[in-house]
$ cat my_file22.pdb   # PDB, C-alpha atoms, pLDDT in the B column
ATOM      1  CA  MET A   1       0.000   0.000   0.000  1.00 72.00           C
ATOM      2  CA  SER A   2       1.440   3.369  -0.959  1.00 80.00           C
ATOM      3  CA  THR A   3       1.785   6.240   1.478  1.00 78.00           C
ATOM      4  CA  GLN A   4      -0.747   8.319  -0.463  1.00 82.00           C
ATOM      5  CA  THR A   5      -3.316   5.544  -0.238  1.00 86.00           C
ATOM      6  CA  LEU A   6      -2.728   5.234   3.507  1.00 83.00           C
ATOM      7  CA  ILE A   7      -3.100   8.999   3.921  1.00 85.00           C
ATOM      8  CA  ARG A   8      -6.404   8.950   2.001  1.00 89.00           C
ATOM      9  CA  TRP A   9      -7.754   6.059   4.075  1.00 91.00           C
ATOM     10  CA  SER A  10      -6.717   7.777   7.283  1.00 91.00           C
ATOM     11  CA  GLY A  11      -8.552  10.934   6.197  1.00 91.00           C
ATOM     12  CA  LEU A  12     -11.655   8.851   5.611  1.00 93.00           C
ATOM     13  CA  ALA A  13     -11.158   7.255   9.047  1.00 94.00           C
ATOM     14  CA  LEU A  14     -11.142  10.710  10.655  1.00 93.00           C
ATOM     15  CA  VAL A  15     -14.313  11.738   8.814  1.00 95.00           C
ATOM     16  CA  ILE A  16     -16.094   8.554   9.911  1.00 96.00           C
ATOM     17  CA  ALA A  17     -14.834   9.082  13.482  1.00 95.00           C
ATOM     18  CA  LEU A  18     -16.313  12.578  13.446  1.00 94.00           C
ATOM     19  CA  LEU A  19     -19.669  11.262  12.235  1.00 95.00           C
ATOM     20  CA  ILE A  20     -19.697   8.603  14.947  1.00 94.00           C
ATOM     21  CA  TYR A  21     -18.936  11.252  17.549  1.00 91.00           C
ATOM     22  CA  ILE A  22     -21.677  13.575  16.286  1.00 94.00           C
ATOM     23  CA  ILE A  23     -24.262  10.769  16.220  1.00 92.00           C
ATOM     24  CA  PHE A  24     -23.467   8.921  19.444  1.00 87.00           C
ATOM     25  CA  GLN A  25     -22.322  11.658  21.841  1.00 85.00           C
ATOM     26  CA  PRO A  26     -25.852  13.042  22.384  1.00 84.00           C
ATOM     27  CA  LEU A  27     -27.127   9.482  22.971  1.00 79.00           C
ATOM     28  CA  HIS A  28     -24.662   8.808  25.785  1.00 78.00           C
ATOM     29  CA  PRO A  29     -26.537   8.191  29.052  1.00 75.00           C
ATOM     30  CA  ALA A  30     -25.726  10.571  31.896  1.00 75.00           C
ATOM     31  CA  ASP A  31     -22.728   9.464  33.948  1.00 72.00           C
ATOM     32  CA  THR A  32     -24.242  11.004  37.063  1.00 77.00           C
ATOM     33  CA  ASP A  33     -27.189   8.620  36.967  1.00 76.00           C
ATOM     34  CA  PRO A  34     -26.408   5.431  38.965  1.00 79.00           C
ATOM     35  CA  GLY A  35     -28.797   3.414  36.814  1.00 80.00           C
ATOM     36  CA  ALA A  36     -27.263   4.592  33.527  1.00 76.00           C
ATOM     37  CA  ALA A  37     -25.380   1.335  33.057  1.00 77.00           C
ATOM     38  CA  LEU A  38     -28.734  -0.455  32.856  1.00 83.00           C
ATOM     39  CA  ASN A  39     -29.807   1.724  29.927  1.00 79.00           C
ATOM     40  CA  PRO A  40     -29.884  -0.343  26.696  1.00 82.00           C
ATOM     41  CA  LEU A  41     -28.008   2.430  24.878  1.00 80.00           C
ATOM     42  CA  TRP A  42     -25.047   2.110  27.235  1.00 82.00           C
ATOM     43  CA  ALA A  43     -23.403  -0.809  25.445  1.00 83.00           C
ATOM     44  CA  VAL A  44     -24.197   0.449  21.937  1.00 87.00           C
ATOM     45  CA  VAL A  45     -22.747   3.883  22.645  1.00 86.00           C
ATOM     46  CA  HIS A  46     -19.615   2.463  24.214  1.00 85.00           C
ATOM     47  CA  TYR A  47     -18.993   0.084  21.321  1.00 91.00           C
ATOM     48  CA  ALA A  48     -19.363   3.045  18.958  1.00 92.00           C
ATOM     49  CA  VAL A  49     -16.991   5.135  21.075  1.00 89.00           C
ATOM     50  CA  THR A  50     -14.418   2.333  21.053  1.00 91.00           C
ATOM     51  CA  PHE A  51     -14.621   2.140  17.259  1.00 93.00           C
ATOM     52  CA  HIS A  52     -14.381   5.952  17.156  1.00 92.00           C
ATOM     53  CA  HIS A  53     -11.155   5.846  19.186  1.00 90.00           C
ATOM     54  CA  LEU A  54      -9.660   3.226  16.870  1.00 91.00           C
ATOM     55  CA  LEU A  55     -10.480   5.367  13.830  1.00 93.00           C
ATOM     56  CA  VAL A  56      -8.966   8.470  15.428  1.00 90.00           C
ATOM     57  CA  VAL A  57      -5.688   6.663  16.120  1.00 89.00           C
ATOM     58  CA  VAL A  58      -5.555   5.398  12.517  1.00 88.00           C
ATOM     59  CA  GLY A  59      -6.354   8.909  11.297  1.00 91.00           C
ATOM     60  CA  LEU A  60      -3.629  10.494  13.417  1.00 87.00           C
ATOM     61  CA  VAL A  61      -1.061   8.050  12.047  1.00 88.00           C
ATOM     62  CA  GLY A  62      -2.011   9.028   8.500  1.00 88.00           C
ATOM     63  CA  LEU A  63      -1.946  12.714   9.374  1.00 86.00           C
ATOM     64  CA  TYR A  64       1.565  12.296  10.751  1.00 88.00           C
ATOM     65  CA  LEU A  65       2.682  10.361   7.672  1.00 87.00           C
ATOM     66  CA  ALA A  66       1.402  13.146   5.429  1.00 87.00           C
ATOM     67  CA  GLN A  67       3.587  15.678   7.224  1.00 88.00           C
ATOM     68  CA  ALA A  68       6.475  13.560   8.543  1.00 86.00           C
ATOM     69  CA  GLU A  69       9.158  15.002   6.263  1.00 87.00           C
ATOM     70  CA  GLN A  70       8.212  18.616   6.984  1.00 91.00           C
ATOM     71  CA  VAL A  71       7.871  18.347  10.768  1.00 90.00           C
ATOM     72  CA  GLY A  72      11.011  16.331  11.565  1.00 90.00           C
ATOM     73  CA  ARG A  73      11.875  15.099  15.047  1.00 92.00           C
ATOM     74  CA  LEU A  74       9.854  17.737  16.850  1.00 93.00           C
ATOM     75  CA  GLY A  75       6.797  16.649  14.872  1.00 90.00           C
ATOM     76  CA  LEU A  76       7.416  13.040  15.856  1.00 92.00           C
ATOM     77  CA  ILE A  77       7.572  14.076  19.508  1.00 93.00           C
ATOM     78  CA  GLY A  78       4.336  16.039  19.067  1.00 90.00           C
ATOM     79  CA  PHE A  79       2.689  13.071  17.344  1.00 89.00           C
ATOM     80  CA  ILE A  80       3.647  10.717  20.164  1.00 91.00           C
ATOM     81  CA  ALA A  81       2.440  13.268  22.732  1.00 90.00           C
ATOM     82  CA  ALA A  82      -0.888  13.584  20.862  1.00 85.00           C
ATOM     83  CA  LEU A  83      -1.382   9.812  20.873  1.00 86.00           C
ATOM     84  CA  MET A  84      -0.546   9.617  24.570  1.00 87.00           C
ATOM     85  CA  ALA A  85      -2.840  12.543  25.409  1.00 86.00           C
ATOM     86  CA  PHE A  86      -5.666  10.990  23.391  1.00 75.00           C
ATOM     87  CA  GLY A  87      -5.257   7.754  25.333  1.00 73.00           C
ATOM     88  CA  VAL A  88      -5.174   9.497  28.708  1.00 69.00           C
ATOM     89  CA  LEU A  89      -8.008  11.942  28.092  1.00 66.00           C
ATOM     90  CA  HIS A  90     -10.431   9.391  26.666  1.00 60.00           C
TER
END
$ encode --input "my_file22.pdb" --output "structure tokens"
Amino acid sequence: MSTQTLIRWSGLALVIALLIYIIFQPLHPADTDPGAALNPLWAVVHYAVTFHHLLVVVGLVGLYLAQAEQVGRLGLIGFIAALMAFGVLH
């Protein structure tokens, strides 16, 4: 697979991740409600969010690959920091 193809697929992954976020975020049951885990939407939303996270990571890899030559070592450090921050914050 060429780098350009990977970059295109990663862009598509980010667009799909955005759509998943827009659709499923309003459906997320309230975390303050103790009975929220019993809501039938709970599992569906969390499966969608897990898939969303996977797509974002794939998209970030493609975004880095598209700019790797221009950003150099500092860009690599920023890319790694972005992946780590995404994992910690979500």
$ closest_residue --input "my_file22.pdb" --among "A:Leu74, A:Val56, A:Val61, A:Ala66" --to "A:Ala17" --atoms "all atoms listed in the file"
A:Val56
$ residues_around --input "my_file22.pdb" --residues "A:His46" --least-positions-apart "5" --cutoff "9 Å" --atoms "only C-alpha atoms" --output "VMD selection string"
chain A and resid 24 28 41 51
$ resolve_selection --input "my_file22.pdb" --expression "the PyMOL selection byres ((chain A and resi 55) around 12)" --output "PyMOL selection string"
chain A and resi 9-21+48-54+56-62
$ atom_distance --input "my_file22.pdb" --atom1 "atom CA of A:Gly78" --atom2 "atom CA of A:Ile7"
18.3 Å
$ atom_distance --input "my_file22.pdb" --atom1 "atom CA of A:Gln67" --atom2 "atom CA of A:Phe79"
10.5 Å
$ closest_residue --input "my_file22.pdb" --among "A:Asp31, A:Tyr64, A:Met1, A:Asn39" --to "A:Leu83" --atoms "only C-alpha atoms"
A:Tyr64
$ atom_distance --input "my_file22.pdb" --atom1 "atom CA of A:Leu65" --atom2 "atom CA of A:Ile77"
13.3 Å
$ axis_aligned_box --input "my_file22.pdb" --around "stretch 77-80 of chain A" --padding-each-side "8 Å" --output "JSON"
{"center_x": 5.1, "center_y": 13.4, "center_z": 18.8, "size_x": 20.9, "size_y": 21.3, "size_z": 18.8}
$ closest_residue --input "my_file22.pdb" --among "A:Ala68, A:Leu63, A:Ala82, A:Leu76" --to "A:Leu6" --atoms "only C-alpha atoms"
A:Leu63
$ build_atoms --input "my_file22.pdb" --residues "stretch 47-61 of chain A" --atoms "N, CA, C and O atoms" --output "CSV table (one decimal), in the frame of the given file"
chain,number,residue,atom,x,y,z
A,47,TYR,N,-19.6,0.8,22.5
A,47,TYR,CA,-19.0,0.1,21.3
A,47,TYR,C,-18.7,1.1,20.2
A,47,TYR,O,-17.6,1.0,19.6
A,48,ALA,N,-19.6,2.0,20.0
A,48,ALA,CA,-19.4,3.0,19.0
A,48,ALA,C,-18.2,3.9,19.3
A,48,ALA,O,-17.4,4.3,18.5
A,49,VAL,N,-18.1,4.3,20.6
A,49,VAL,CA,-17.0,5.1,21.1
A,49,VAL,C,-15.7,4.4,20.9
A,49,VAL,O,-14.6,5.0,20.6
A,50,THR,N,-15.6,3.1,21.2
A,50,THR,CA,-14.4,2.3,21.1
A,50,THR,C,-14.0,2.3,19.6
A,50,THR,O,-12.8,2.5,19.3
A,51,PHE,N,-14.9,2.1,18.7
A,51,PHE,CA,-14.6,2.1,17.3
A,51,PHE,C,-14.2,3.5,16.8
A,51,PHE,O,-13.2,3.7,16.0
A,52,HIS,N,-14.8,4.6,17.4
A,52,HIS,CA,-14.4,6.0,17.2
A,52,HIS,C,-12.9,6.2,17.6
A,52,HIS,O,-12.1,6.8,16.8
A,53,HIS,N,-12.5,5.7,18.7
A,53,HIS,CA,-11.2,5.8,19.2
A,53,HIS,C,-10.2,5.1,18.3
A,53,HIS,O,-9.1,5.7,17.9
A,54,LEU,N,-10.5,4.0,17.8
A,54,LEU,CA,-9.7,3.2,16.9
A,54,LEU,C,-9.5,4.0,15.6
A,54,LEU,O,-8.4,4.2,15.1
A,55,LEU,N,-10.6,4.6,15.1
A,55,LEU,CA,-10.5,5.4,13.8
A,55,LEU,C,-9.7,6.6,14.0
A,55,LEU,O,-8.9,7.0,13.1
A,56,VAL,N,-9.8,7.3,15.2
A,56,VAL,CA,-9.0,8.5,15.4
A,56,VAL,C,-7.5,8.1,15.5
A,56,VAL,O,-6.7,8.9,14.9
A,57,VAL,N,-7.1,7.0,16.1
A,57,VAL,CA,-5.7,6.7,16.1
A,57,VAL,C,-5.2,6.4,14.7
A,57,VAL,O,-4.1,6.8,14.3
A,58,VAL,N,-5.9,5.7,13.9
A,58,VAL,CA,-5.6,5.4,12.5
A,58,VAL,C,-5.4,6.7,11.7
A,58,VAL,O,-4.5,6.9,11.0
A,59,GLY,N,-6.4,7.6,12.0
A,59,GLY,CA,-6.4,8.9,11.3
A,59,GLY,C,-5.2,9.7,11.7
A,59,GLY,O,-4.6,10.4,10.9
A,60,LEU,N,-4.8,9.7,13.0
A,60,LEU,CA,-3.6,10.5,13.4
A,60,LEU,C,-2.3,10.0,12.8
A,60,LEU,O,-1.4,10.7,12.5
A,61,VAL,N,-2.2,8.6,12.7
A,61,VAL,CA,-1.1,8.0,12.0
A,61,VAL,C,-0.9,8.5,10.6
A,61,VAL,O,0.1,8.9,10.2
